[in-house]
Every structure is written in C-alpha cells, then in structure tokens.
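So the structure is just underneath, and the comments pick up after that.
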Amino acid sequence: MISAPRRQEPILSAKIDPATPCLAMRPREAAAALGVSERTLWDWTQRGDVPHVRRNKTILYPVDALRRWLDEEASAKAAAEEAQPQGGGQ
C-alpha cells in the first residue's frame, strides 16, 4: 500500500532571526554577556543581586533590566570612589 506523501513542515532553526530583538537571555548567554562565570551569575541570582525572571525551572535575564542594573552598579561605584578622600600618602 502506497501512502500519500507527507506534507513537510518547515524546520525551525535554533538561531533567532537577526531582525528579532533579544528580550531576555538564558544563564549561559547572560554570564557571557556580563563577562562572569555561570557560577558567579547563579550566586548573584540566588542573592537577588541581578535582575531575573523565574518561570517554573526556567530563569531568564531581561536584556534591558541587565543594562539598567549594570549602569546603576557602575554609577554607584563611581560615586563611592568620588566620595573617598584623596591623598592618603600617595
């Protein structure tokens, strides 16, 4: 018995179209983007230091929230350095 040819569905690629904006990253991507290890990112996530969204077992790091957080961290560090007294034997 000959069966009718099966209609082929398009194969979805794991790669995202470059025109599609990246709204959130998985832990491995976020760690690479921040330049830290996945373990460090996990520690920050557990402490609530870094913005993330948890849905069941999935953890996502929203790109815009990470950018804001990183800017805030950099600004806080710069402000703390400016507040330190100058000199001190240099």
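Ligands are numbered from 1 in the order shown, residues from 1 within each chain, and chains are lettered A, B, ... in the order they appear in the structure tokens.
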
Next on the checklist: Excluding segment 57-63 of chain A and its own-chain neighbours fewer than 4 positions away, which residues fall within 8 Å of it when counting only C-alpha atoms? Please give them as a ChimeraX atom specification.
Outcome noted: /A:22-27,30,51-53,67

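If only C-alpha atoms are the atoms counted, then among A:Glu81, A:Val50, A:Pro21, A:Gly35 the closest residue to Leu66 of chain A is A:Val50.
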
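The protein and nucleic acid residues lying at most 7 Å from Glu38 of chain A are Pro27, Arg28, Ala31, Leu41 and Trp42 of chain A, with only C-alpha atoms considered and sequence neighbours fewer than 3 positions away removed.
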
Next on the checklist: Please compute the atom CA of Glu73 of chain A-atom CA of Arg54 of chain A distance, one decimal, in Å.
Outcome noted: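 Answer for the atom CA of Glu73 of chain A to atom CA of Arg54 of chain A separation: 22.1 Å.
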
Item to check | Two-atom distance - atom CA of Trp44 of chain A, atom CA of Gln84 of chain A (Å) | outcome: 26.2 Å

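Atom CA of Arg47 of chain A is positioned 18.1 Å from atom CA of Arg68 of chain A.
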